[in-house]
>>> print(open('work-v1.cif').read())   # mmCIF, N, CA and C atoms
data_my_file
loop_
_atom_site.label_atom_id
_atom_site.label_comp_id
_atom_site.auth_asym_id
_atom_site.auth_seq_id
_atom_site.Cartn_x
_atom_site.Cartn_y
_atom_site.Cartn_z
N MET A 1 12.73 10.92 5.30
CA MET A 1 13.74 11.48 4.42
C MET A 1 14.25 12.77 5.04
N SER A 2 15.53 12.83 5.33
CA SER A 2 16.07 13.99 6.03
C SER A 2 16.25 15.18 5.09
N ASN A 3 16.61 14.96 3.85
CA ASN A 3 16.77 16.05 2.89
C ASN A 3 15.56 16.08 1.97
N SER A 4 14.51 16.80 2.39
CA SER A 4 13.29 16.85 1.61
C SER A 4 13.50 17.61 0.31
N ILE A 5 12.90 17.07 -0.74
CA ILE A 5 12.91 17.71 -2.04
C ILE A 5 11.45 17.97 -2.39
N SER A 6 11.16 19.15 -2.88
CA SER A 6 9.77 19.46 -3.20
C SER A 6 9.29 18.59 -4.37
N PHE A 7 8.00 18.33 -4.37
CA PHE A 7 7.41 17.53 -5.43
C PHE A 7 7.68 18.17 -6.79
N GLN A 8 7.57 19.47 -6.87
CA GLN A 8 7.81 20.18 -8.13
C GLN A 8 9.24 19.95 -8.61
N THR A 9 10.20 19.95 -7.69
CA THR A 9 11.59 19.72 -8.05
C THR A 9 11.77 18.31 -8.61
N VAL A 10 11.12 17.36 -7.99
CA VAL A 10 11.18 15.97 -8.47
C VAL A 10 10.63 15.90 -9.89
N ILE A 11 9.49 16.55 -10.12
CA ILE A 11 8.89 16.56 -11.46
C ILE A 11 9.87 17.14 -12.48
N GLU A 12 10.53 18.21 -12.11
CA GLU A 12 11.49 18.85 -13.02
C GLU A 12 12.66 17.91 -13.32
N TYR A 13 13.14 17.20 -12.29
CA TYR A 13 14.21 16.23 -12.51
C TYR A 13 13.76 15.13 -13.46
N VAL A 14 12.55 14.63 -13.26
CA VAL A 14 12.03 13.56 -14.10
C VAL A 14 11.88 14.05 -15.54
N GLU A 15 11.38 15.24 -15.71
CA GLU A 15 11.21 15.79 -17.05
C GLU A 15 12.55 15.99 -17.75
N ALA A 16 13.62 16.15 -16.99
CA ALA A 16 14.94 16.32 -17.58
C ALA A 16 15.52 15.00 -18.08
N LEU A 17 14.94 13.88 -17.67
CA LEU A 17 15.40 12.57 -18.12
C LEU A 17 14.95 12.31 -19.55
N SER A 18 15.65 11.39 -20.21
CA SER A 18 15.21 10.98 -21.54
C SER A 18 13.90 10.20 -21.41
N ILE A 19 13.22 10.03 -22.52
CA ILE A 19 11.96 9.28 -22.53
C ILE A 19 12.21 7.85 -22.03
N GLU A 20 13.29 7.25 -22.47
CA GLU A 20 13.61 5.89 -22.04
C GLU A 20 13.85 5.82 -20.54
N GLU A 21 14.55 6.81 -20.01
CA GLU A 21 14.80 6.85 -18.56
C GLU A 21 13.50 7.09 -17.79
N GLN A 22 12.63 7.93 -18.34
CA GLN A 22 11.35 8.16 -17.68
C GLN A 22 10.51 6.88 -17.65
N ASP A 23 10.51 6.15 -18.79
CA ASP A 23 9.78 4.89 -18.84
C ASP A 23 10.35 3.89 -17.84
N LEU A 24 11.66 3.82 -17.74
CA LEU A 24 12.30 2.92 -16.80
C LEU A 24 11.96 3.32 -15.36
N LEU A 25 11.95 4.61 -15.08
CA LEU A 25 11.61 5.10 -13.75
C LEU A 25 10.17 4.74 -13.39
N VAL A 26 9.24 4.92 -14.32
CA VAL A 26 7.84 4.57 -14.08
C VAL A 26 7.72 3.08 -13.78
N GLU A 27 8.41 2.27 -14.55
CA GLU A 27 8.37 0.81 -14.34
C GLU A 27 8.96 0.45 -12.99
N LEU A 28 10.07 1.06 -12.64
CA LEU A 28 10.72 0.80 -11.35
C LEU A 28 9.82 1.20 -10.18
N ILE A 29 9.22 2.37 -10.25
CA ILE A 29 8.33 2.83 -9.19
C ILE A 29 7.13 1.89 -9.08
N SER A 30 6.58 1.50 -10.21
CA SER A 30 5.43 0.59 -10.20
C SER A 30 5.79 -0.74 -9.53
N LYS A 31 6.92 -1.30 -9.88
CA LYS A 31 7.35 -2.58 -9.30
C LYS A 31 7.60 -2.44 -7.80
N ARG A 32 8.17 -1.34 -7.38
CA ARG A 32 8.42 -1.12 -5.95
C ARG A 32 7.11 -0.95 -5.19
N ARG A 33 6.14 -0.25 -5.78
CA ARG A 33 4.83 -0.10 -5.13
C ARG A 33 4.13 -1.45 -5.00
N ILE A 34 4.24 -2.28 -6.05
CA ILE A 34 3.65 -3.62 -5.99
C ILE A 34 4.29 -4.42 -4.87
N GLU A 35 5.60 -4.39 -4.78
CA GLU A 35 6.30 -5.13 -3.73
C GLU A 35 5.94 -4.60 -2.34
N GLN A 36 5.83 -3.29 -2.21
CA GLN A 36 5.44 -2.69 -0.93
C GLN A 36 4.03 -3.15 -0.54
N ARG A 37 3.13 -3.18 -1.52
CA ARG A 37 1.75 -3.61 -1.24
C ARG A 37 1.72 -5.09 -0.85
N ARG A 38 2.54 -5.90 -1.52
CA ARG A 38 2.62 -7.33 -1.17
C ARG A 38 3.06 -7.51 0.28
N LYS A 39 4.03 -6.71 0.69
CA LYS A 39 4.50 -6.78 2.08
C LYS A 39 3.40 -6.38 3.05
N GLU A 40 2.63 -5.34 2.71
CA GLU A 40 1.50 -4.92 3.56
C GLU A 40 0.46 -6.03 3.67
N ILE A 41 0.15 -6.66 2.54
CA ILE A 41 -0.83 -7.75 2.54
C ILE A 41 -0.33 -8.91 3.38
N ALA A 42 0.96 -9.26 3.24
CA ALA A 42 1.53 -10.35 4.02
C ALA A 42 1.49 -10.04 5.51
N ALA A 43 1.78 -8.81 5.88
CA ALA A 43 1.74 -8.42 7.29
C ALA A 43 0.31 -8.51 7.83
N ASN A 44 -0.66 -8.06 7.04
CA ASN A 44 -2.06 -8.15 7.45
C ASN A 44 -2.50 -9.61 7.59
N ALA A 45 -2.05 -10.44 6.66
CA ALA A 45 -2.39 -11.87 6.73
C ALA A 45 -1.79 -12.50 7.98
N ALA A 46 -0.55 -12.14 8.30
CA ALA A 46 0.10 -12.68 9.50
C ALA A 46 -0.66 -12.26 10.75
N LYS A 47 -1.10 -11.01 10.81
CA LYS A 47 -1.89 -10.53 11.96
C LYS A 47 -3.20 -11.29 12.06
N THR A 48 -3.84 -11.51 10.92
CA THR A 48 -5.11 -12.23 10.91
C THR A 48 -4.92 -13.67 11.38
N LEU A 49 -3.89 -14.33 10.86
CA LEU A 49 -3.62 -15.71 11.27
C LEU A 49 -3.31 -15.78 12.76
N GLU A 50 -2.57 -14.80 13.26
CA GLU A 50 -2.26 -14.77 14.69
C GLU A 50 -3.53 -14.57 15.51
N ALA A 51 -4.40 -13.69 15.06
CA ALA A 51 -5.67 -13.46 15.76
C ALA A 51 -6.52 -14.73 15.76
N MET A 52 -6.49 -15.47 14.67
CA MET A 52 -7.24 -16.72 14.62
C MET A 52 -6.59 -17.77 15.53
N ARG A 53 -5.26 -17.81 15.53
CA ARG A 53 -4.55 -18.78 16.36
C ARG A 53 -4.80 -18.54 17.84
N THR A 54 -4.88 -17.27 18.24
CA THR A 54 -5.07 -16.91 19.64
C THR A 54 -6.55 -16.75 19.99
N ALA A 55 -7.41 -17.04 19.03
CA ALA A 55 -8.86 -16.94 19.21
C ALA A 55 -9.32 -15.53 19.59
N THR A 56 -8.63 -14.52 19.07
CA THR A 56 -9.05 -13.14 19.30
C THR A 56 -9.72 -12.53 18.07
N ALA A 57 -9.80 -13.30 16.99
CA ALA A 57 -10.47 -12.82 15.77
C ALA A 57 -11.98 -12.90 15.96
N LYS A 58 -12.67 -11.91 15.44
CA LYS A 58 -14.13 -11.93 15.50
C LYS A 58 -14.63 -12.85 14.39
N ARG A 59 -15.68 -13.60 14.71
CA ARG A 59 -16.30 -14.48 13.73
C ARG A 59 -17.79 -14.23 13.73
N GLY A 60 -18.41 -14.51 12.60
CA GLY A 60 -19.86 -14.36 12.53
C GLY A 60 -20.35 -14.37 11.11
N THR A 61 -21.60 -14.10 10.97
CA THR A 61 -22.24 -14.07 9.66
C THR A 61 -22.13 -12.67 9.07
N LEU A 62 -22.57 -12.54 7.84
CA LEU A 62 -22.62 -11.22 7.21
C LEU A 62 -23.53 -10.29 8.00
N LYS A 63 -24.61 -10.83 8.48
CA LYS A 63 -25.54 -10.04 9.29
C LYS A 63 -24.85 -9.55 10.57
N ASP A 64 -24.06 -10.43 11.21
CA ASP A 64 -23.30 -10.03 12.40
C ASP A 64 -22.33 -8.90 12.08
N LEU A 65 -21.64 -9.03 10.95
CA LEU A 65 -20.69 -8.00 10.53
C LEU A 65 -21.40 -6.68 10.30
N ARG A 66 -22.52 -6.73 9.59
CA ARG A 66 -23.29 -5.50 9.31
C ARG A 66 -23.73 -4.84 10.62
N ASN A 67 -24.26 -5.63 11.55
CA ASN A 67 -24.70 -5.08 12.82
C ASN A 67 -23.53 -4.50 13.61
N ASP A 68 -22.40 -5.19 13.57
CA ASP A 68 -21.21 -4.70 14.26
C ASP A 68 -20.73 -3.37 13.69
N LEU A 69 -20.71 -3.28 12.36
CA LEU A 69 -20.27 -2.03 11.71
C LEU A 69 -21.24 -0.89 11.99
N LEU A 70 -22.53 -1.18 11.93
CA LEU A 70 -23.52 -0.13 12.16
C LEU A 70 -23.55 0.33 13.61
N SER A 71 -23.20 -0.56 14.54
CA SER A 71 -23.22 -0.18 15.95
C SER A 71 -22.03 0.71 16.33
N GLU A 72 -21.00 0.77 15.48
CA GLU A 72 -19.82 1.58 15.76
C GLU A 72 -20.00 3.03 15.33
N GLU A 73 -21.06 3.34 14.63
CA GLU A 73 -21.26 4.72 14.13
C GLU A 73 -21.67 5.65 15.20
#
>>> encode(input="work-v1.cif", output="structure tokens")
Amino acid sequence: MSNSISFQTVIEYVEALSIEEQDLLVELISKRRIEQRRKEIAANAAKTLEAMRTATAKRGTLKDLRNDLLSEE
């Protein structure tokens, strides 16, 4: 964002809205966050499928995963 607005300024703008507008804004932000998260999940799934397709994904048991995670510390 090239024209940064302080968080406090945003809060003041939101507080200046009517209750109905504030409710609509909350709903809109929530829906956009959900859609953004869906896109992130889809991108992660595509990466995982690609790793499986190219045989670069790690496979193993829960014990293998635990050992792998503990060895990275």
>>> atom_distance(input="work-v1.cif", atom1="atom C of Ala46 of chain A", atom2="atom N of Arg59 of chain A")
15.6 Å
>>> select_by_dssp(input="work-v1.cif", residues="segment 11-70 of chain A", states="helix (DSSP H, G or I)", output="number ranges by chain")
A: 11-16, 19-53, 62-70
>>> atom_distance(input="work-v1.cif", atom1="atom CA of Tyr13 of chain A", atom2="atom N of Ile29 of chain A")
14.9 Å
>>> axis_aligned_box(input="work-v1.cif", around="segment 50-69 of chain A", padding_each_side="3 Å", output="AutoDock Vina command-line options")
--center_x -13.9 --center_y -9.8 --center_z 13.6 --size_x 29.3 --size_y 23.9 --size_z 18.8
>>> atom_distance(input="work-v1.cif", atom1="atom CA of Thr9 of chain A", atom2="atom CA of Leu28 of chain A")
19.2 Å
